[in-house]
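Down below is the structure, laid out as C-alpha cells.
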Amino acid sequence: MDPRAVLSPRRRRRPTGDDPQLVARAQAGDEHAFAELVDRYGGAVISLCYASTLNAAESEDLAQDIFVAAWRGLPRFRGASTFSTWLFALARNACVDQARRRAVRPRLADDRESAADVVEEAPRETARAILSAAAELSLPLRQALLLRDLQGLSYEEIARAQGVPVGTVRSRLSAARAAVVKRVSE
C-alpha cells in the first residue's frame, strides 16, 4: 500500500460552545464546568501527547497531568487568549518537558498492536512502518503530522497547539510527510 494513501487528512467535528462561560464557572470552583472543558479538549490534548510519546498509556498519563495543572492554574487564567490556546500551551510545554526528561526520541510502545490501531485504514504492517518512521521525526514534525493526518485537526488547531503560525504548520507537515514516505518506501 502506498504510504501517502494512509497519510490523508480526516475531518472531525470539533466541539463548540461558550468556553468563557465554562471557564468562569470553573474558576468559581464548579467542577462540572471544568469536566465539560475536559470533555471538549481531552481528545485533542491526548492526541498531542500521543504525537509526542507514541505510547498510548504514557499519553493518557501526561494528558491527565496537564488537566491537573490546568485546574490548578485556572485561577491565574485571565482570558488574554482563548482557553484552548492557553490549554494547548500548557500541553505543548508538558510534552516538551517530557521529551527532555526522556532525552531520547520515543520508540513505539511495547504494545505495538494498539499503536498500529491508530491508523484504521492501513494494514498493520504499513501502520507499523509509518509509526516507526514518525518516531524518527523531530517532536514538532511528529506532532504536526500525527495531529493532522491521524487525528484530523485543522491547520489552525495545530498552529494553536504548537504555538506557531499556520505557515509553519504547513511546512512542518510537508517535511514530515516527505520524510515518512521516503522512509516507508525504502
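Residue numbers start at 1 in each chain; chains themselves are named A, B, ... in the order of the C-alpha cells; ligands are numbered from 1 in the order shown.
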
Output as a PyMOL selection string all residues of region 16-182 of chain A that backbone DSSP marks as helix (DSSP H, G or I). chain A and resi 19-27+31-53+56-76+83-102+112-116+124-135+139-150+155-162+166-182

Any chance you could export the current selection's C-alpha atoms as a compact mmCIF listing (two decimals), in the first residue's frame?
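So the final result, stored in again-v1.txt, reads:
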```txt
# COMPACT_ATOMS: atom_id res chain seq x y z
CA ASP A 19 -15.86 28.36 26.69
CA PRO A 20 -15.66 31.72 28.52
CA GLN A 21 -18.78 30.88 30.49
CA LEU A 22 -17.48 27.42 31.38
CA VAL A 23 -14.11 28.88 32.35
CA ALA A 24 -15.74 31.46 34.59
CA ARG A 25 -17.81 28.77 36.31
CA ALA A 26 -14.74 26.54 36.69
CA GLN A 27 -12.75 29.43 38.15
CA GLU A 31 -16.04 21.03 38.88
CA HIS A 32 -18.81 20.12 36.43
CA ALA A 33 -17.90 23.09 34.23
CA PHE A 34 -14.26 22.03 34.26
CA ALA A 35 -15.32 18.46 33.44
CA GLU A 36 -17.12 19.85 30.37
CA LEU A 37 -13.91 21.59 29.29
CA VAL A 38 -12.02 18.33 29.78
CA ASP A 39 -14.62 16.54 27.65
CA ARG A 40 -14.28 19.17 24.93
CA TYR A 41 -10.50 19.25 24.76
CA GLY A 42 -9.42 15.92 26.23
CA GLY A 43 -9.19 14.15 22.89
CA ALA A 44 -7.08 16.87 21.33
CA VAL A 45 -4.75 17.01 24.34
CA ILE A 46 -4.34 13.22 24.35
CA SER A 47 -3.64 13.38 20.60
CA LEU A 48 -0.95 15.99 21.14
CA CYS A 49 0.56 13.85 23.90
CA TYR A 50 0.41 10.71 21.75
CA ALA A 51 2.12 12.54 18.90
CA SER A 52 4.89 13.34 21.36
CA THR A 53 5.25 9.99 23.12
CA ALA A 56 -0.98 5.34 24.49
CA ALA A 57 -0.65 4.80 28.24
CA GLU A 58 2.02 7.46 28.63
CA SER A 59 0.00 9.95 26.58
CA GLU A 60 -3.06 9.41 28.78
CA ASP A 61 -0.99 9.90 31.94
CA LEU A 62 0.58 13.04 30.52
CA ALA A 63 -2.83 14.40 29.49
CA GLN A 64 -4.13 13.78 33.00
CA ASP A 65 -1.17 15.71 34.42
CA ILE A 66 -1.90 18.55 32.00
CA PHE A 67 -5.52 18.80 33.11
CA VAL A 68 -4.50 18.72 36.76
CA ALA A 69 -2.10 21.59 36.02
CA ALA A 70 -4.88 23.41 34.15
CA TRP A 71 -7.26 23.02 37.11
CA ARG A 72 -4.61 24.34 39.49
CA GLY A 73 -3.66 27.16 37.14
CA LEU A 74 -7.21 28.17 36.28
CA PRO A 75 -7.36 30.94 38.92
CA ARG A 76 -4.43 32.62 37.14
CA PHE A 83 -8.98 28.83 26.90
CA SER A 84 -7.97 26.37 24.18
CA THR A 85 -4.86 28.40 23.31
CA TRP A 86 -3.87 28.54 26.98
CA LEU A 87 -4.56 24.81 27.44
CA PHE A 88 -2.59 23.83 24.33
CA ALA A 89 0.33 25.97 25.51
CA LEU A 90 0.29 24.02 28.79
CA ALA A 91 0.10 20.75 26.85
CA ARG A 92 2.88 21.72 24.44
CA ASN A 93 5.16 22.70 27.31
CA ALA A 94 4.39 19.46 29.16
CA CYS A 95 5.18 17.43 26.04
CA VAL A 96 8.47 19.25 25.54
CA ASP A 97 9.37 18.75 29.20
CA GLN A 98 8.51 15.05 28.92
CA ALA A 99 10.69 14.70 25.82
CA ARG A 100 13.58 16.43 27.61
CA ARG A 101 13.25 14.09 30.58
CA ARG A 102 13.42 11.12 28.26
CA ARG A 112 2.68 -2.38 19.04
CA GLU A 113 -0.71 -3.80 18.14
CA SER A 114 -2.55 -0.99 19.91
CA ALA A 115 -0.22 1.61 18.43
CA ALA A 116 -0.90 0.24 14.96
CA ARG A 124 -0.90 -3.46 10.34
CA GLU A 125 2.47 -3.73 8.60
CA THR A 126 2.07 -0.36 6.87
CA ALA A 127 0.78 1.24 10.06
CA ARG A 128 3.78 -0.05 12.00
CA ALA A 129 6.15 1.22 9.33
CA ILE A 130 4.53 4.67 9.33
CA LEU A 131 4.53 4.95 13.11
CA SER A 132 8.11 3.75 13.24
CA ALA A 133 9.12 6.35 10.64
CA ALA A 134 7.21 9.03 12.58
CA ALA A 135 9.13 8.08 15.72
CA LEU A 139 9.00 16.41 18.04
CA PRO A 140 7.48 19.40 16.15
CA LEU A 141 7.33 17.47 12.86
CA ARG A 142 5.91 14.34 14.51
CA GLN A 143 3.26 16.33 16.36
CA ALA A 144 2.17 18.20 13.24
CA LEU A 145 1.99 15.00 11.18
CA LEU A 146 0.06 12.90 13.66
CA LEU A 147 -2.28 15.69 14.74
CA ARG A 148 -3.23 16.44 11.14
CA ASP A 149 -3.14 13.13 9.36
CA LEU A 150 -4.21 10.77 12.12
CA TYR A 155 -4.03 23.65 10.42
CA GLU A 156 -5.30 26.39 12.73
CA GLU A 157 -5.81 23.96 15.63
CA ILE A 158 -2.33 22.55 15.17
CA ALA A 159 -0.87 26.06 15.00
CA ARG A 160 -2.55 26.88 18.32
CA ALA A 161 -1.38 23.61 19.85
CA GLN A 162 2.20 24.16 18.71
CA VAL A 166 -0.19 28.29 10.18
CA GLY A 167 2.53 28.58 7.52
CA THR A 168 4.97 26.85 9.86
CA VAL A 169 2.48 24.03 10.35
CA ARG A 170 2.20 23.63 6.58
CA SER A 171 5.98 23.47 6.13
CA ARG A 172 6.35 21.02 9.03
CA LEU A 173 3.68 18.78 7.53
CA SER A 174 5.34 18.86 4.14
CA ALA A 175 8.71 17.95 5.60
CA ALA A 176 7.26 15.25 7.85
CA ARG A 177 5.24 13.62 5.08
CA ALA A 178 8.22 13.60 2.74
CA ALA A 179 10.44 12.01 5.40
CA VAL A 180 7.87 9.33 6.28
CA VAL A 181 7.13 8.48 2.65
CA LYS A 182 10.85 8.23 1.93
```

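Relative to CA of Gly152 (chain A), CA of Arg78 (chain A) is found at 29.5 Å.
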